[in-house]
2 protein chains.
Amino acid sequence: MLSNDLHQLMKSEGIKITPQRLAIAEVLVNSTDHPSVQQIYERVKDHFPSLTLNTIYSTINVLVKRGLIQELPFQQYSRYESNLNPHLNLVCTICGDIADSSAADALVKDLLLNVEGSENFEIAWQRMDFYGECKKCTSVKD
Amino acid sequence: MLSNDLHQLMKSEGIKITPQRLAIAEVLVNSTDHPSVQQIYERVKDHFPSLTLNTIYSTINVLVKRGLIQELPFQQYSRYESNLNPHLNLVCTICGDIADSSAADALVKDLLLNVEGSENFEIAWQRMDFYGECKKCTSVKD
DNA sequence: ATTGGTGCAAAGGTTTTGCATTTAG
DNA sequence: CTAAATGCAAAACCTTTGCACCAAT
């Protein structure tokens with residue numbers, strides 16, 4: 001997403017714009033590796049040396065509340081996702097990498113519709129994690 | 001699951017049996033509401049007044065490592081699951097209830113096979129949470 | 001008899017809260 | 001100008017660790 005578009009999107013959601021918030025949101029939107037708070041911090045602190053974790057947590061909370069990102073709690077700490085389309089997360093049990101998979105999007109859509117129909121349950125959002133070894137970790141062992 | 005069967009299952013996994021461990025495992029296996037550590041504590045402490053959270057955490061870690069239960073980390077604390085068949089969790093965003101859904105088991109199976117084939121990713125286990133309002137919470141508002 | 005589980009206490013690490021200062025609208 | 005965000009510090013919370021004692025095999 002372009003920086004200007006993100007700015008407009010946040011503005012349209014009634015989020016007060018600050019340089020720090022924009023930088024944090026840009027990292028989230030432009031990352032496909034589902035960064036943690038610490039990782040976001042490392043990717044932003046060069047541009048904002050005075051930035052603290054507090055501001056990152058606070059910004060994340062705003063973005064989650066407005067529905068612009070999704071939190072993925074894990075055992076040790078949370079990671080964050082900006083791809084809000086229903087999809088699968090392939091989580092590597094070795095290295096911790098998380099990759100989105102769109103390979104089965106049609107089946108995912110079927111599944112959502114089927115559940116909403118049969119369970120009479122309106123799905124606001126979903127989290128689908130598949131755990132296994134990623135290609136990198138499997139090939140390293142061979 | 002019968003208490004004796006659980007005992008045998010744990011034994012066969014090489015888990016040293018203690019009365020505390022049996023009681024904790026029984027709560028996990030017989031609960032369908034995905035209890036938290038605190039909830040397990042409340043359901044067991046009457047029978048073991050000296051029991052501490054430490055023992056619950058330690059027992060849970062053993063059961064998770066042996067693959068007898070699955071941990072579901074949430075933002076505030078983890079909850080635990082003993083239904084290891086691939087299935088959906090319907091998570092209520094109002095009251096926090098978590099219910100297993102088997103309504104779409106066939107589609108879930110298709111999805112798993114499809115992903116393993118198209119992504120060349122062997123799925124060790126999975127977590128599928130669908131978030132929305134449960135029937136109780138929806139009916140209360142009407 | 002020996003390994004390891006239990007319980008008590010303390011520590012660790014992530015996330016939240018309080019508050020003065022600064023900034024966006 | 002006013003409301004709210006930032007940054008610093010401290011606190012809160014869940015979970016883990018260390019260790020002495022006790023229990024299971």
# chains A, B, ... in the order shown; residues from 1 in each chain; ligands from 1

call {"tool": "calpha_fit_and_write", "arguments": {"fixed": "chain B", "moving": "chain A", "output": "short mmCIF file (atom, residue, chain, number, x, y, z; two decimals) with N, CA and C atoms, in the first residue's frame"}}
result
data_model
loop_
_atom_site.label_atom_id
_atom_site.label_comp_id
_atom_site.auth_asym_id
_atom_site.auth_seq_id
_atom_site.Cartn_x
_atom_site.Cartn_y
_atom_site.Cartn_z
N MET A 1 -13.63 -39.47 28.14
CA MET A 1 -12.69 -40.59 28.32
C MET A 1 -12.75 -41.09 29.76
N LEU A 2 -12.71 -42.40 29.93
CA LEU A 2 -12.74 -42.97 31.27
C LEU A 2 -11.41 -42.71 31.98
N SER A 3 -11.51 -42.60 33.28
CA SER A 3 -10.33 -42.31 34.09
C SER A 3 -9.24 -43.36 33.88
N ASN A 4 -9.66 -44.63 33.83
CA ASN A 4 -8.67 -45.68 33.63
C ASN A 4 -7.97 -45.59 32.29
N ASP A 5 -8.75 -45.26 31.26
CA ASP A 5 -8.16 -45.13 29.92
C ASP A 5 -7.15 -44.00 29.90
N LEU A 6 -7.51 -42.89 30.54
CA LEU A 6 -6.60 -41.75 30.58
C LEU A 6 -5.31 -42.13 31.30
N HIS A 7 -5.47 -42.83 32.41
CA HIS A 7 -4.31 -43.31 33.16
C HIS A 7 -3.40 -44.15 32.27
N GLN A 8 -3.99 -45.08 31.56
CA GLN A 8 -3.20 -45.94 30.67
C GLN A 8 -2.52 -45.15 29.57
N LEU A 9 -3.28 -44.19 29.03
CA LEU A 9 -2.73 -43.38 27.94
C LEU A 9 -1.51 -42.60 28.41
N MET A 10 -1.62 -41.98 29.58
CA MET A 10 -0.51 -41.22 30.11
C MET A 10 0.69 -42.13 30.40
N LYS A 11 0.37 -43.30 30.96
CA LYS A 11 1.42 -44.26 31.26
C LYS A 11 2.15 -44.67 29.98
N SER A 12 1.36 -44.93 28.95
CA SER A 12 1.96 -45.39 27.69
C SER A 12 2.81 -44.30 27.05
N GLU A 13 2.57 -43.07 27.44
CA GLU A 13 3.38 -41.96 26.92
C GLU A 13 4.61 -41.71 27.80
N GLY A 14 4.77 -42.54 28.82
CA GLY A 14 5.93 -42.39 29.69
C GLY A 14 5.80 -41.26 30.68
N ILE A 15 4.56 -40.86 30.96
CA ILE A 15 4.34 -39.78 31.92
C ILE A 15 4.17 -40.37 33.31
N LYS A 16 4.95 -39.85 34.23
CA LYS A 16 4.85 -40.33 35.61
C LYS A 16 3.51 -39.90 36.19
N ILE A 17 2.79 -40.85 36.75
CA ILE A 17 1.44 -40.57 37.22
C ILE A 17 1.46 -40.14 38.68
N THR A 18 0.79 -39.02 38.94
CA THR A 18 0.52 -38.60 40.32
C THR A 18 -0.97 -38.26 40.40
N PRO A 19 -1.51 -38.28 41.59
CA PRO A 19 -2.92 -37.93 41.73
C PRO A 19 -3.21 -36.55 41.16
N GLN A 20 -2.30 -35.60 41.40
CA GLN A 20 -2.52 -34.25 40.89
C GLN A 20 -2.57 -34.26 39.36
N ARG A 21 -1.62 -34.94 38.76
CA ARG A 21 -1.57 -34.97 37.30
C ARG A 21 -2.82 -35.61 36.72
N LEU A 22 -3.25 -36.69 37.34
CA LEU A 22 -4.46 -37.34 36.84
C LEU A 22 -5.65 -36.40 36.92
N ALA A 23 -5.77 -35.70 38.05
CA ALA A 23 -6.91 -34.80 38.21
C ALA A 23 -6.88 -33.68 37.18
N ILE A 24 -5.69 -33.11 36.95
CA ILE A 24 -5.55 -32.04 35.97
C ILE A 24 -5.88 -32.56 34.57
N ALA A 25 -5.35 -33.72 34.24
CA ALA A 25 -5.60 -34.28 32.91
C ALA A 25 -7.08 -34.60 32.73
N GLU A 26 -7.72 -35.07 33.80
CA GLU A 26 -9.15 -35.39 33.68
C GLU A 26 -9.99 -34.14 33.42
N VAL A 27 -9.64 -33.06 34.10
CA VAL A 27 -10.36 -31.81 33.84
C VAL A 27 -10.19 -31.41 32.38
N LEU A 28 -8.98 -31.52 31.88
CA LEU A 28 -8.74 -31.12 30.50
C LEU A 28 -9.50 -32.00 29.53
N VAL A 29 -9.49 -33.28 29.76
CA VAL A 29 -10.10 -34.21 28.82
C VAL A 29 -11.63 -34.13 28.88
N ASN A 30 -12.15 -33.85 30.07
CA ASN A 30 -13.61 -33.87 30.23
C ASN A 30 -14.25 -32.49 30.05
N SER A 31 -13.46 -31.47 29.79
CA SER A 31 -14.02 -30.14 29.59
C SER A 31 -14.13 -29.84 28.11
N THR A 32 -15.24 -29.25 27.74
CA THR A 32 -15.40 -28.86 26.35
C THR A 32 -15.31 -27.35 26.19
N ASP A 33 -15.06 -26.65 27.27
CA ASP A 33 -15.06 -25.18 27.22
C ASP A 33 -13.66 -24.58 27.15
N HIS A 34 -12.66 -25.44 26.90
CA HIS A 34 -11.30 -24.94 26.71
C HIS A 34 -10.85 -24.11 27.92
N PRO A 35 -10.68 -24.76 29.06
CA PRO A 35 -10.40 -24.02 30.29
C PRO A 35 -9.01 -23.39 30.29
N SER A 36 -8.91 -22.31 31.06
CA SER A 36 -7.63 -21.66 31.30
C SER A 36 -6.97 -22.31 32.51
N VAL A 37 -5.73 -21.92 32.79
CA VAL A 37 -5.03 -22.45 33.95
C VAL A 37 -5.81 -22.14 35.23
N GLN A 38 -6.29 -20.92 35.33
CA GLN A 38 -7.06 -20.54 36.51
C GLN A 38 -8.31 -21.41 36.67
N GLN A 39 -8.99 -21.66 35.54
CA GLN A 39 -10.20 -22.48 35.60
C GLN A 39 -9.87 -23.91 36.00
N ILE A 40 -8.79 -24.44 35.46
CA ILE A 40 -8.37 -25.79 35.86
C ILE A 40 -8.11 -25.81 37.36
N TYR A 41 -7.42 -24.78 37.82
CA TYR A 41 -7.10 -24.67 39.25
C TYR A 41 -8.37 -24.71 40.08
N GLU A 42 -9.37 -23.95 39.67
CA GLU A 42 -10.61 -23.90 40.44
C GLU A 42 -11.36 -25.23 40.43
N ARG A 43 -11.18 -25.99 39.36
CA ARG A 43 -11.91 -27.25 39.26
C ARG A 43 -11.19 -28.39 39.97
N VAL A 44 -9.95 -28.17 40.35
CA VAL A 44 -9.16 -29.25 40.95
C VAL A 44 -8.84 -28.99 42.41
N LYS A 45 -8.82 -27.73 42.82
CA LYS A 45 -8.27 -27.40 44.14
C LYS A 45 -9.08 -27.98 45.29
N ASP A 46 -10.37 -28.24 45.07
CA ASP A 46 -11.16 -28.82 46.15
C ASP A 46 -10.64 -30.21 46.53
N HIS A 47 -10.17 -30.94 45.53
CA HIS A 47 -9.65 -32.28 45.79
C HIS A 47 -8.20 -32.26 46.24
N PHE A 48 -7.51 -31.16 45.94
CA PHE A 48 -6.09 -31.05 46.31
C PHE A 48 -5.83 -29.64 46.84
N PRO A 49 -6.17 -29.41 48.09
CA PRO A 49 -6.06 -28.05 48.63
C PRO A 49 -4.64 -27.49 48.56
N SER A 50 -3.65 -28.36 48.55
CA SER A 50 -2.27 -27.85 48.55
C SER A 50 -1.76 -27.60 47.13
N LEU A 51 -2.57 -27.93 46.16
CA LEU A 51 -2.13 -27.78 44.77
C LEU A 51 -1.82 -26.33 44.43
N THR A 52 -0.77 -26.13 43.66
CA THR A 52 -0.40 -24.77 43.24
C THR A 52 -0.47 -24.66 41.72
N LEU A 53 -0.48 -23.41 41.26
CA LEU A 53 -0.49 -23.17 39.82
C LEU A 53 0.74 -23.78 39.16
N ASN A 54 1.84 -23.75 39.90
CA ASN A 54 3.08 -24.33 39.38
C ASN A 54 2.85 -25.75 38.87
N THR A 55 2.20 -26.56 39.65
CA THR A 55 1.97 -27.95 39.26
C THR A 55 1.08 -28.04 38.03
N ILE A 56 0.12 -27.12 37.93
CA ILE A 56 -0.74 -27.13 36.75
C ILE A 56 0.07 -26.76 35.51
N TYR A 57 0.84 -25.70 35.60
CA TYR A 57 1.68 -25.32 34.46
C TYR A 57 2.61 -26.46 34.07
N SER A 58 3.23 -27.07 35.06
CA SER A 58 4.18 -28.13 34.78
C SER A 58 3.49 -29.32 34.13
N THR A 59 2.34 -29.68 34.63
CA THR A 59 1.61 -30.81 34.05
C THR A 59 1.16 -30.50 32.63
N ILE A 60 0.67 -29.30 32.45
CA ILE A 60 0.24 -28.90 31.11
C ILE A 60 1.39 -28.99 30.12
N ASN A 61 2.55 -28.52 30.55
CA ASN A 61 3.71 -28.57 29.65
C ASN A 61 4.04 -29.99 29.24
N VAL A 62 3.93 -30.91 30.18
CA VAL A 62 4.18 -32.31 29.84
C VAL A 62 3.15 -32.81 28.85
N LEU A 63 1.89 -32.52 29.10
CA LEU A 63 0.82 -33.02 28.22
C LEU A 63 0.92 -32.42 26.82
N VAL A 64 1.31 -31.15 26.75
CA VAL A 64 1.48 -30.52 25.44
C VAL A 64 2.64 -31.16 24.70
N LYS A 65 3.76 -31.37 25.41
CA LYS A 65 4.94 -31.96 24.76
C LYS A 65 4.64 -33.35 24.25
N ARG A 66 3.83 -34.12 24.98
CA ARG A 66 3.51 -35.47 24.54
C ARG A 66 2.39 -35.47 23.52
N GLY A 67 1.86 -34.31 23.22
CA GLY A 67 0.83 -34.23 22.19
C GLY A 67 -0.54 -34.67 22.65
N LEU A 68 -0.79 -34.67 23.96
CA LEU A 68 -2.11 -35.10 24.45
C LEU A 68 -3.10 -33.94 24.50
N ILE A 69 -2.60 -32.75 24.59
CA ILE A 69 -3.48 -31.58 24.55
C ILE A 69 -2.82 -30.52 23.68
N GLN A 70 -3.60 -29.49 23.39
CA GLN A 70 -3.10 -28.41 22.54
C GLN A 70 -3.32 -27.08 23.26
N GLU A 71 -2.32 -26.23 23.18
CA GLU A 71 -2.43 -24.92 23.81
C GLU A 71 -2.98 -23.92 22.80
N LEU A 72 -3.91 -23.08 23.26
CA LEU A 72 -4.46 -22.01 22.42
C LEU A 72 -4.13 -20.67 23.07
N PRO A 73 -3.01 -20.06 22.68
CA PRO A 73 -2.68 -18.75 23.27
C PRO A 73 -3.67 -17.68 22.82
N PHE A 74 -4.14 -16.92 23.80
CA PHE A 74 -4.93 -15.73 23.51
C PHE A 74 -4.20 -14.53 24.08
N GLN A 75 -4.78 -13.35 23.88
CA GLN A 75 -4.06 -12.14 24.26
C GLN A 75 -3.74 -12.11 25.75
N GLN A 76 -4.72 -12.52 26.56
CA GLN A 76 -4.52 -12.39 28.01
C GLN A 76 -3.87 -13.63 28.62
N TYR A 77 -4.37 -14.79 28.23
CA TYR A 77 -3.81 -16.03 28.76
C TYR A 77 -4.21 -17.17 27.84
N SER A 78 -3.56 -18.29 28.04
CA SER A 78 -3.82 -19.43 27.17
C SER A 78 -5.01 -20.23 27.65
N ARG A 79 -5.62 -20.93 26.71
CA ARG A 79 -6.65 -21.90 27.04
C ARG A 79 -6.24 -23.22 26.41
N TYR A 80 -6.89 -24.30 26.83
CA TYR A 80 -6.39 -25.61 26.45
C TYR A 80 -7.47 -26.50 25.91
N GLU A 81 -7.05 -27.37 25.03
CA GLU A 81 -7.95 -28.14 24.17
C GLU A 81 -7.51 -29.59 24.18
N SER A 82 -8.48 -30.48 24.32
CA SER A 82 -8.12 -31.91 24.27
C SER A 82 -8.68 -32.60 23.03
N ASN A 83 -9.46 -31.88 22.26
CA ASN A 83 -9.99 -32.43 21.01
C ASN A 83 -8.96 -32.21 19.91
N LEU A 84 -8.21 -33.26 19.61
CA LEU A 84 -7.11 -33.10 18.65
C LEU A 84 -7.53 -33.39 17.22
N ASN A 85 -8.78 -33.80 17.02
CA ASN A 85 -9.26 -33.94 15.64
C ASN A 85 -9.35 -32.57 15.00
N PRO A 86 -8.96 -32.48 13.72
CA PRO A 86 -9.10 -31.18 13.04
C PRO A 86 -10.53 -30.68 13.13
N HIS A 87 -10.70 -29.47 13.62
CA HIS A 87 -12.05 -28.92 13.80
C HIS A 87 -11.94 -27.41 13.93
N LEU A 88 -13.09 -26.77 14.01
CA LEU A 88 -13.13 -25.31 14.14
C LEU A 88 -13.47 -24.92 15.56
N ASN A 89 -12.88 -23.83 16.02
CA ASN A 89 -13.27 -23.22 17.28
C ASN A 89 -14.12 -22.00 16.99
N LEU A 90 -15.31 -21.97 17.56
CA LEU A 90 -16.15 -20.78 17.45
C LEU A 90 -15.94 -19.96 18.72
N VAL A 91 -15.27 -18.83 18.57
CA VAL A 91 -14.87 -18.02 19.71
C VAL A 91 -15.79 -16.81 19.80
N CYS A 92 -16.47 -16.66 20.93
CA CYS A 92 -17.38 -15.53 21.09
C CYS A 92 -16.61 -14.29 21.51
N THR A 93 -16.79 -13.23 20.74
CA THR A 93 -16.06 -11.98 21.03
C THR A 93 -16.70 -11.21 22.18
N ILE A 94 -17.87 -11.67 22.63
CA ILE A 94 -18.54 -10.99 23.75
C ILE A 94 -18.19 -11.68 25.07
N CYS A 95 -18.54 -12.95 25.19
CA CYS A 95 -18.39 -13.63 26.48
C CYS A 95 -17.12 -14.47 26.57
N GLY A 96 -16.44 -14.68 25.47
CA GLY A 96 -15.20 -15.44 25.53
C GLY A 96 -15.37 -16.94 25.44
N ASP A 97 -16.58 -17.41 25.33
CA ASP A 97 -16.79 -18.85 25.19
C ASP A 97 -16.13 -19.38 23.93
N ILE A 98 -15.64 -20.59 24.02
CA ILE A 98 -15.08 -21.26 22.85
C ILE A 98 -15.77 -22.60 22.71
N ALA A 99 -16.38 -22.83 21.54
CA ALA A 99 -17.07 -24.10 21.30
C ALA A 99 -16.48 -24.76 20.06
N ASP A 100 -16.27 -26.06 20.15
CA ASP A 100 -15.84 -26.79 18.97
C ASP A 100 -17.00 -26.90 18.00
N SER A 101 -16.68 -26.85 16.72
CA SER A 101 -17.69 -27.09 15.69
C SER A 101 -17.23 -28.22 14.78
N SER A 102 -18.09 -29.19 14.64
CA SER A 102 -17.79 -30.29 13.73
C SER A 102 -18.66 -30.21 12.49
N ALA A 103 -19.38 -29.09 12.36
CA ALA A 103 -20.35 -28.98 11.27
C ALA A 103 -19.69 -29.08 9.90
N ALA A 104 -18.46 -28.62 9.81
CA ALA A 104 -17.82 -28.56 8.49
C ALA A 104 -16.60 -29.49 8.42
N ASP A 105 -16.66 -30.58 9.17
CA ASP A 105 -15.49 -31.46 9.24
C ASP A 105 -15.02 -31.95 7.87
N ALA A 106 -15.97 -32.22 7.00
CA ALA A 106 -15.58 -32.73 5.68
C ALA A 106 -14.80 -31.66 4.91
N LEU A 107 -15.28 -30.43 4.98
CA LEU A 107 -14.58 -29.34 4.30
C LEU A 107 -13.21 -29.08 4.94
N VAL A 108 -13.16 -29.22 6.25
CA VAL A 108 -11.87 -29.03 6.94
C VAL A 108 -10.87 -30.06 6.45
N LYS A 109 -11.34 -31.30 6.34
CA LYS A 109 -10.45 -32.36 5.86
C LYS A 109 -9.97 -32.05 4.45
N ASP A 110 -10.89 -31.65 3.58
CA ASP A 110 -10.52 -31.25 2.22
C ASP A 110 -9.45 -30.17 2.25
N LEU A 111 -9.67 -29.19 3.10
CA LEU A 111 -8.75 -28.07 3.17
C LEU A 111 -7.34 -28.53 3.56
N LEU A 112 -7.26 -29.38 4.57
CA LEU A 112 -5.96 -29.87 5.02
C LEU A 112 -5.25 -30.63 3.89
N LEU A 113 -5.98 -31.51 3.24
CA LEU A 113 -5.38 -32.29 2.17
C LEU A 113 -4.94 -31.39 1.03
N ASN A 114 -5.79 -30.43 0.71
CA ASN A 114 -5.47 -29.50 -0.38
C ASN A 114 -4.20 -28.72 -0.09
N VAL A 115 -4.07 -28.23 1.13
CA VAL A 115 -2.89 -27.43 1.48
C VAL A 115 -1.64 -28.29 1.49
N GLU A 116 -1.75 -29.48 2.05
CA GLU A 116 -0.58 -30.36 2.08
C GLU A 116 -0.12 -30.66 0.66
N GLY A 117 -1.08 -30.80 -0.26
CA GLY A 117 -0.70 -31.07 -1.64
C GLY A 117 -0.13 -29.85 -2.34
N SER A 118 -0.82 -28.74 -2.26
CA SER A 118 -0.43 -27.59 -3.08
C SER A 118 0.73 -26.82 -2.49
N GLU A 119 0.90 -26.83 -1.17
CA GLU A 119 1.99 -26.06 -0.56
C GLU A 119 3.18 -26.94 -0.22
N ASN A 120 3.05 -28.24 -0.41
CA ASN A 120 4.10 -29.16 0.00
C ASN A 120 4.50 -28.89 1.45
N PHE A 121 3.49 -28.85 2.28
CA PHE A 121 3.66 -28.48 3.68
C PHE A 121 2.96 -29.54 4.52
N GLU A 122 3.73 -30.31 5.27
CA GLU A 122 3.12 -31.36 6.09
C GLU A 122 2.60 -30.75 7.38
N ILE A 123 1.30 -30.84 7.58
CA ILE A 123 0.66 -30.19 8.72
C ILE A 123 0.74 -31.10 9.94
N ALA A 124 1.44 -30.61 10.96
CA ALA A 124 1.56 -31.39 12.19
C ALA A 124 0.31 -31.21 13.05
N TRP A 125 -0.15 -29.98 13.14
CA TRP A 125 -1.42 -29.72 13.80
C TRP A 125 -1.91 -28.37 13.32
N GLN A 126 -3.11 -27.99 13.74
CA GLN A 126 -3.66 -26.75 13.22
C GLN A 126 -4.56 -26.12 14.27
N ARG A 127 -4.77 -24.84 14.09
CA ARG A 127 -5.67 -24.08 14.97
C ARG A 127 -6.53 -23.22 14.08
N MET A 128 -7.85 -23.41 14.17
CA MET A 128 -8.75 -22.63 13.33
C MET A 128 -9.80 -21.97 14.21
N ASP A 129 -9.65 -20.68 14.43
CA ASP A 129 -10.56 -19.92 15.27
C ASP A 129 -11.44 -19.03 14.41
N PHE A 130 -12.74 -19.14 14.59
CA PHE A 130 -13.68 -18.24 13.94
C PHE A 130 -14.29 -17.36 15.02
N TYR A 131 -14.14 -16.05 14.86
CA TYR A 131 -14.59 -15.11 15.89
C TYR A 131 -15.92 -14.47 15.50
N GLY A 132 -16.81 -14.41 16.46
CA GLY A 132 -18.11 -13.80 16.23
C GLY A 132 -18.91 -13.84 17.52
N GLU A 133 -20.20 -13.58 17.43
CA GLU A 133 -21.04 -13.62 18.62
C GLU A 133 -21.72 -14.97 18.72
N CYS A 134 -21.63 -15.58 19.88
CA CYS A 134 -22.28 -16.87 20.06
C CYS A 134 -23.79 -16.66 20.18
N LYS A 135 -24.51 -17.77 20.10
CA LYS A 135 -25.98 -17.68 20.11
C LYS A 135 -26.48 -17.04 21.39
N LYS A 136 -25.89 -17.42 22.50
CA LYS A 136 -26.32 -16.86 23.79
C LYS A 136 -26.23 -15.34 23.79
N CYS A 137 -25.10 -14.83 23.40
CA CYS A 137 -24.89 -13.37 23.46
C CYS A 137 -25.77 -12.64 22.46
N THR A 138 -26.02 -13.27 21.31
CA THR A 138 -26.88 -12.63 20.32
C THR A 138 -28.32 -12.56 20.83
N SER A 139 -28.76 -13.65 21.46
CA SER A 139 -30.17 -13.68 21.91
C SER A 139 -30.40 -12.76 23.09
N VAL A 140 -29.40 -12.56 23.91
CA VAL A 140 -29.55 -11.68 25.06
C VAL A 140 -29.86 -10.25 24.61
N LYS A 141 -29.26 -9.85 23.48
CA LYS A 141 -29.41 -8.48 23.02
C LYS A 141 -30.78 -8.22 22.40
N ASP A 142 -31.46 -9.30 21.95
CA ASP A 142 -32.73 -9.11 21.25
C ASP A 142 -33.86 -8.78 22.22
#

call {"tool": "interface_residues", "arguments": {"of": "chain C", "to": "chain A", "cutoff": "8 Å", "atoms": "only C-alpha atoms (C1' of nucleotides)", "output": "PDB file with C-alpha atoms (C1' of nucleotides), in the first residue's frame"}}
result
ATOM      1  C1'  DT C  14       5.465  -9.035  27.701  1.00  0.00           C
ATOM      2  C1'  DT C  15       2.033  -5.734  28.016  1.00  0.00           C
ATOM      3  C1'  DA C  24      -1.791  17.346  15.815  1.00  0.00           C
TER       4       DA C  24
END

call {"tool": "atom_distance", "arguments": {"atom1": "atom C1' of DA5 of chain D", "atom2": "atom C1' of DT22 of chain C"}}
result
8.4 Å

call {"tool": "closest_atom_pairs", "arguments": {"of": "chain D", "to": "chain A", "cutoff": "12 Å", "atoms": "only C-alpha atoms (C1' of nucleotides)", "output": "tab-separated table"}}
result
residue	atom	partner	partner_atom	distance
D:DA3	C1'	A:Lys16	CA	10.7
D:DA4	C1'	A:Lys16	CA	8.3
D:DA5	C1'	A:Thr18	CA	7.9
D:DT6	C1'	A:Thr55	CA	6.7
D:DG7	C1'	A:Thr52	CA	6.5
D:DC8	C1'	A:Thr52	CA	9.0
D:DA9	C1'	A:Asn54	CA	11.3
D:DC14	C1'	A:Gln76	CA	10.4
D:DT15	C1'	A:Gln76	CA	9.3
D:DT16	C1'	A:Gln76	CA	11.4

call {"tool": "select_by_dssp", "arguments": {"residues": "chain A", "states": "alpha helix (DSSP H)", "output": "PyMOL selection string"}}
result
chain A and resi 3-12+19-30+37-44+53-65+105-119+135-141

call {"tool": "atom_distance", "arguments": {"atom1": "atom C1' of DA23 of chain D", "atom2": "atom C1' of DA11 of chain C"}}
result
27.1 Å

call {"tool": "atom_distance", "arguments": {"atom1": "atom C1' of DG7 of chain C", "atom2": "atom C1' of DA11 of chain D"}}
result
26.6 Å

call {"tool": "residues_around", "arguments": {"residues": "DA10 of chain D", "least_positions_apart": "2", "cutoff": "12 Å", "atoms": "only C-alpha atoms (C1' of nucleotides)", "output": "count of residues only"}}
result
6
